[in-house]
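Trainee: Supplied in structure tokens, the structure appears directly below.
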Amino acid sequence: MLWPETRQIMTVRWPTITKDSASSKVVPNLVDYDRVRSEFSWSQARAALDGLPGGAGLNIAHEAVDRHATGARRQHVALRWLSKEGAERNYTYGDLLDQTNRFANVLTRLGIGKGDPVAVLAGRIPELYIAALGALKNRSVFMPLFSAFGPEPIEARVNIARAKVLVTTDALYQKKIEGLRRSLPSLEHVLVIGEPGSVKNLPGTRDFRALLSQADNRFTILPTDPEDMALLHFTSGTTGKPKGAIHVHQAVVAHHATARFALDFHPDDVFWCTADPGWVTGTSYGIIAPLTHGLTSIIDEAEFDAERWYKILRAEHVTVWYTAPTAIRMMMRVGLEAAKKFELPSLRVLSSVGEPLNPEAVVWGVEAFGRPFHDNWWQTETGGIMIANYPAMDIRPGSMGRPLPGVNAAIVRRTGEASVEVVETPDTEGELALSPGWPSMFRGYLSEDARYRKCFVGGYYLTGDLAKRDRDGYYWFIGRADDVIKSSGHLIGPFEVESALLEHPAVAEAGVIGKPDPVALEIVKAFVALKPGHEPTDSLRRELLGFARVRLGAAVAPKEIEFCPSIPKNRAGKIMRRLLKARELGLPEGDTSTLEAS
Ligand code: AMP
């Protein structure tokens with residue numbers, strides 16, 4: 001089913017925006033796309049990185065921190081943190097070396113080692129970055145948890161991963177973890193980040209800052225196989241539990257190379273990725289890629305606020321800005337005047353990811369900032385950008401762009417359980433597929449081998465997205481092939497939401513869909529059938545909204561609930577979410593022959 005934004009993208013052709021790099025003094029990294037594509041190899045891309053000293057393998061944290069801290073960039077600002085309250089803190093590469101070494105030593109002393117998952121539940125604070133990179137140094141597995149998750153998504157993810165360590169803040173601990181502690185049996189240590197200077201005695205936890213200050217600031221990274229597991233990112237499917245996508249240290253080759261091409265990183269760039277590190281973009285491009293390039297990366301702790309964002313772009317002289325369509329649409333709502341108030345001469349590259357970027361937003365970039373937004377496409381499983389509009393390329397507003405060097409994409413159609421055919425005809429819809437083999441490709445779903453294998457058919461990785469390719473090789477997004485929901489850039493599994501609603505004593509059945517929304521793309525909407533004896537009143541609706549919010553957190557909980565006598569299911573008992581969506585949109589219901597008699 002098409003998302004409304006997408007339908008518009010497909011039917012209206014907007015004029016091409018010719019290369020916006022012409023006006024920039026900086027020569028883009030990717031000028032001759034065809035030549036670079038034909039000459040590119042991943043082994044060559046690997047040569048842009050150092051590897052561990054003495055040929056001891058490849059470790060993300062070494063590439064991100066140590067090689068700069070022990071070289072010319074030691075005093076260069078790596079992270080510049082802007083607190084909600086207006087405080088600022090700079091971390092040079094030298095500071096990061098010190099802090100991440102300390103955290104790696106903390107983990108070693110706690111008996112946490114290679115392959116052990118270290119979960120981090122925190123807002124955008126420097127300690128999150130230190131914990132992530134320190135864990136990678138220790139060859140443990142960094143596993144971010146979005147701070148707006150409620151207890152249930154946290155419990156599911158920590159238990160699937162069997163995380164041994166949780167790093168969190170005192171506020172989040174008290175709000176979300178304390179009451180759950182007994183349901184998280186794998187956790188051996190909880191390290192709590194308190195307000196600077198205040199140590200709360202929370203039973204069963206240890207003080208992150210105290211441990212860090214007592215630890216040795218020297219650490220030698222042990223040999224790391226490029227195929228050693230490094231990152232665990234949870235994503236959602238239509239059914240079943242969240243899936244833990246496994247990424248390995250070698251992914252850093254793709255983070256580095258793709259940032260060079262798609263985000264056009266140059267050594268003097270000041271980069272701002274607005275994505276939260278609780279999700280894959282905030283890790284691959286919010287933590288890793290800017291550091292492997294030795295850049296200064298801005299971290300803003302606060303939530304979206306258009307005025308604040310413009311001020312940051314100006315005051316920090318941001319040169320490359322990586323953001324998301326929902327945020328761009330929110331800025332568009334605030335209006336052009338607000339954007340025009342701020343001159344942003346440093347801003348060179350505007351990039352966007354995570355959801356369809358409507359053509360108006362691309363063009364609005366030109367009106368507001370003098371440059372278009374460059375859309376790019378990827379997903380948790382791909383670990384890095386796969387398709388992009390490069391700075392030196394003509395932009396077709398509404399298109400995701402062209403595959404990166406080293407990435408082979410195709411549009412395919414399933415022809416059987418184990419086969420696909422490639423759709424050669426331009427502008428023809430099919431599933432977006434990639435030839436496996438790029439370094440940041442996920443290596444499995446944790447403990448879910450069958451689900452992993454199902455993603456590979458006929459020699460392709462099938463992405464679950466429907467798309468078209470035009471005759472010039474530009475890809476155009478159409479929609480998801482499954483029922484997952486994209487809301488404010490976050491992928492939400494309807495099953496997780498339905499399961500939480502079913503825990504309420506009044507709920508007999510629940511079916512959850514993404515309802516189109518002009519800003520967030522979709523909002524989570526639940527259809528609920530009540531048990532006998534319960535009336536579909538407004539107060540029960542409010543109670544259910546609150547019930548789901550407490551369990552799931554604001555990022556996942558439904559925003560709307562509609563009562564209905566029953567939820568349509570097929571004869572196998574599977575909820576027919578597509579039918580719910582069709583009804584919601586007033587579209588034809590399609591084939592309902594498998595509908596269970598209600
Ligand atoms: P996630 O794994 O949470 O990063 O979500 C990945 C999904 O977001 C993709 O499979 C797409 O459905 C969607 N997505 C990401 N980038 C884009 C884009 N540029 N245009 C359209 N959809 C996108």
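Letters A, B, ... mark the chains of the structure tokens in the order given; residue numbers begin at 1 per chain; ligand numbers begin at 1, in order shown.
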How close does each residue of chain A get to ligand 1, giving the shortest atom pair and distance in Å to one decimal for every residue with an atom at most 9 Å away, counting only C-alpha atoms and all ligand atoms, sorted by chain and residue number, as CSV?

Mentor:
```
residue,atom,partner,partner_atom_place_in_ligand_line,distance
A:Thr6,CA,ligand 1,21 (C),8.6
A:His233,CA,ligand 1,2 (O),8.9
A:Phe234,CA,ligand 1,2 (O),8.6
A:Thr235,CA,ligand 1,2 (O),6.1
A:Ser236,CA,ligand 1,3 (O),7.9
A:Trp279,CA,ligand 1,3 (O),7.1
A:Val280,CA,ligand 1,4 (O),6.2
A:Thr281,CA,ligand 1,4 (O),6.9
A:Ala324,CA,ligand 1,19 (N),8.8
A:Pro325,CA,ligand 1,19 (N),8.6
A:Ser352,CA,ligand 1,19 (N),6.9
A:Val353,CA,ligand 1,19 (N),4.7
A:Gly354,CA,ligand 1,15 (C),3.5
A:Glu355,CA,ligand 1,23 (C),3.7
A:Pro356,CA,ligand 1,21 (C),3.5
A:Leu357,CA,ligand 1,20 (N),6.0
A:Asn358,CA,ligand 1,20 (N),8.9
A:Asp375,CA,ligand 1,19 (N),5.4
A:Asn376,CA,ligand 1,19 (N),4.5
A:Trp377,CA,ligand 1,19 (N),3.8
A:Trp378,CA,ligand 1,16 (N),5.1
A:Gln379,CA,ligand 1,6 (C),3.7
A:Thr380,CA,ligand 1,2 (O),3.6
A:Glu381,CA,ligand 1,2 (O),6.4
A:Thr382,CA,ligand 1,2 (O),8.2
A:Gly383,CA,ligand 1,4 (O),8.6
A:Ile385,CA,ligand 1,16 (N),8.8
A:Ile387,CA,ligand 1,19 (N),8.1
A:Ala388,CA,ligand 1,19 (N),8.0
A:Gly398,CA,ligand 1,20 (N),8.5
A:Ser399,CA,ligand 1,20 (N),7.9
A:Met400,CA,ligand 1,19 (N),5.3
A:Gly401,CA,ligand 1,19 (N),8.6
A:Thr463,CA,ligand 1,10 (O),6.2
A:Gly464,CA,ligand 1,10 (O),6.3
A:Asp465,CA,ligand 1,12 (O),5.5
A:Leu466,CA,ligand 1,12 (O),8.3
A:Trp476,CA,ligand 1,20 (N),8.0
A:Phe477,CA,ligand 1,21 (C),5.4
A:Ile478,CA,ligand 1,21 (C),7.7
A:Gly479,CA,ligand 1,12 (O),6.6
A:Arg480,CA,ligand 1,12 (O),5.5
A:Ala481,CA,ligand 1,12 (O),8.7
A:Val484,CA,ligand 1,12 (O),8.5
A:Ile485,CA,ligand 1,12 (O),8.8
A:Lys486,CA,ligand 1,8 (O),6.9
A:Gly489,CA,ligand 1,3 (O),7.1
A:His490,CA,ligand 1,3 (O),5.5
A:Leu491,CA,ligand 1,3 (O),4.5
A:Ile492,CA,ligand 1,3 (O),8.0
```

Trainee: Show which residues sit within 9 Å of Ile221 (chain A), as a ChimeraX atom specification. Count only C-alpha atoms, and ignore same-chain residues fewer than 4 positions away.

Mentor: /A:52,56,59,61-62,104,137-139

Trainee: Would you list the contacts of region 148-150 of chain A as a count of residues only, taking every protein, DNA or RNA residue within 10 Å and counting only C-alpha atoms, but skipping same-chain residues closer than 6 positions in sequence?

Mentor: 18

Trainee: Which polymer residues have any atom within 8 Å of an atom of Phe208 (chain A), counting only C-alpha atoms, with same-chain residues fewer than 4 positions away left out, as JSON, numbers by chain?

Mentor: {"A": [167, 191, 192, 193, 194, 212]}

Trainee: I'd like the contact shell of Lys468 (chain A) - 12 Å cut-off, only C-alpha atoms, skipping same-chain residues fewer than 2 positions apart - returned as number ranges by chain.

Mentor: A: 6, 9-10, 398-402, 409-413, 422-433, 465-466, 470-479

Trainee: Please produce a file of the residues just selected, as an mmCIF file, in the first residue's frame, where the atoms kept are C-alpha atoms.

Mentor:
```
data_model
loop_
_atom_site.group_PDB
_atom_site.id
_atom_site.type_symbol
_atom_site.label_atom_id
_atom_site.label_comp_id
_atom_site.auth_asym_id
_atom_site.auth_seq_id
_atom_site.Cartn_x
_atom_site.Cartn_y
_atom_site.Cartn_z
ATOM 1 C CA THR A 6 4.972 8.434 -1.976
ATOM 2 C CA ILE A 9 6.356 11.416 -5.479
ATOM 3 C CA MET A 10 5.553 8.829 -8.102
ATOM 4 C CA GLY A 398 11.644 12.623 -4.664
ATOM 5 C CA SER A 399 14.306 10.111 -5.683
ATOM 6 C CA MET A 400 16.580 8.393 -3.177
ATOM 7 C CA GLY A 401 19.453 8.684 -5.647
ATOM 8 C CA ARG A 402 21.831 6.086 -7.019
ATOM 9 C CA ALA A 409 21.074 -2.701 -6.204
ATOM 10 C CA ALA A 410 18.258 -4.139 -8.279
ATOM 11 C CA ILE A 411 14.491 -4.181 -8.474
ATOM 12 C CA VAL A 412 13.244 -7.745 -8.255
ATOM 13 C CA ARG A 413 10.039 -9.714 -8.162
ATOM 14 C CA VAL A 422 15.168 -8.973 -11.893
ATOM 15 C CA VAL A 423 12.821 -6.307 -13.192
ATOM 16 C CA GLU A 424 14.761 -4.777 -16.067
ATOM 17 C CA THR A 425 12.064 -2.462 -17.399
ATOM 18 C CA PRO A 426 12.597 1.071 -16.066
ATOM 19 C CA ASP A 427 9.942 2.681 -13.874
ATOM 20 C CA THR A 428 8.475 -0.677 -12.937
ATOM 21 C CA GLU A 429 7.618 -1.450 -9.353
ATOM 22 C CA GLY A 430 9.273 -4.321 -7.490
ATOM 23 C CA GLU A 431 11.170 -5.051 -4.303
ATOM 24 C CA LEU A 432 14.432 -3.260 -3.689
ATOM 25 C CA ALA A 433 17.219 -5.844 -3.472
ATOM 26 C CA ASP A 465 10.910 -1.946 0.482
ATOM 27 C CA LEU A 466 9.040 -1.456 -2.778
ATOM 28 C CA ASP A 470 14.249 4.983 -13.711
ATOM 29 C CA ARG A 471 16.182 4.660 -16.969
ATOM 30 C CA ASP A 472 19.100 6.677 -15.584
ATOM 31 C CA GLY A 473 19.550 4.461 -12.555
ATOM 32 C CA TYR A 474 17.863 6.707 -9.963
ATOM 33 C CA TYR A 475 15.823 4.782 -7.369
ATOM 34 C CA TRP A 476 12.362 5.911 -6.269
ATOM 35 C CA PHE A 477 10.807 4.694 -3.046
ATOM 36 C CA ILE A 478 7.233 3.451 -3.151
ATOM 37 C CA GLY A 479 6.454 1.949 0.259
#
```

Trainee: Taking into account only C-alpha atoms, which residue in the set A:Ala171, A:Ala368, A:Met441, A:Leu404 is nearest to Leu231 (chain A)?

Mentor: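 So, comparing all the options, the nearest one is A:Met441.
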
Trainee: State, in Å with one decimal place, the distance from CA of Ile561 (chain A) to CA of Val524 (chain A).

Mentor: 8.9 Å

Trainee: Can you list, as a list in words, every protein, DNA or RNA residue that comes within 10 Å of Tyr285 (chain A) when you count only C-alpha atoms, leaving out same-chain residues fewer than 3 positions away?

Mentor: His255, His256, Thr258, Ala259, Leu263, Phe271, Trp272, Cys273, Thr274, Ala275, Pro277, Val280, Thr281, Gly282, Ile288, Ala289, Pro290, Leu291, Ser297, Tyr322, Gly383, Gly384 and Ile385 of chain A

Trainee: Tell me which protein, DNA and RNA residues are within 10 Å of Trp309 (chain A), counting only C-alpha atoms, leaving out same-chain ones fewer than 6 positions away, and put them as a PDB file with N, CA and C atoms, in the first residue's frame.

Mentor:
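Saved as around_18.pdb:
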```
ATOM      1  N   THR A 274      21.590  14.704  13.454  1.00  0.00           N
ATOM      2  CA  THR A 274      20.559  14.962  14.477  1.00  0.00           C
ATOM      3  C   THR A 274      19.906  13.666  14.971  1.00  0.00           C
ATOM      4  N   ASP A 300      23.685  17.495  20.196  1.00  0.00           N
ATOM      5  CA  ASP A 300      22.728  18.359  20.899  1.00  0.00           C
ATOM      6  C   ASP A 300      21.841  17.486  21.769  1.00  0.00           C
ATOM      7  N   ALA A 302      19.182  18.444  23.406  1.00  0.00           N
ATOM      8  CA  ALA A 302      17.771  18.839  23.453  1.00  0.00           C
ATOM      9  C   ALA A 302      16.954  18.208  22.328  1.00  0.00           C
ATOM     10  N   GLU A 303      15.641  18.255  22.522  1.00  0.00           N
ATOM     11  CA  GLU A 303      14.739  17.778  21.474  1.00  0.00           C
ATOM     12  C   GLU A 303      14.588  18.853  20.397  1.00  0.00           C
ATOM     13  N   ALA A 315      25.896  29.059  14.972  1.00  0.00           N
ATOM     14  CA  ALA A 315      26.928  29.281  15.989  1.00  0.00           C
ATOM     15  C   ALA A 315      28.060  28.266  15.877  1.00  0.00           C
ATOM     16  N   MET A 331      10.330  21.939  10.263  1.00  0.00           N
ATOM     17  CA  MET A 331      10.937  23.250   9.983  1.00  0.00           C
ATOM     18  C   MET A 331      10.129  23.977   8.916  1.00  0.00           C
ATOM     19  N   ALA A 339      13.754  30.467   8.838  1.00  0.00           N
ATOM     20  CA  ALA A 339      15.023  29.961   8.306  1.00  0.00           C
ATOM     21  C   ALA A 339      15.856  31.110   7.744  1.00  0.00           C
TER      22      ALA A 339
END
```

Trainee: For a quick check of understanding, using only C-alpha atoms, which of A:Ser539, A:Ser447, A:Ser24, A:Thr70 has the smallest distance to Gly294 (chain A)?

Mentor: A:Thr70

Trainee: For Val26 (chain A), which of A:Pro403, A:Pro203, A:Pro391, A:Pro226 is the closest residue, counting only C-alpha atoms?

Mentor: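 That would be A:Pro391, the residue with the smallest distance to Val26 (chain A).
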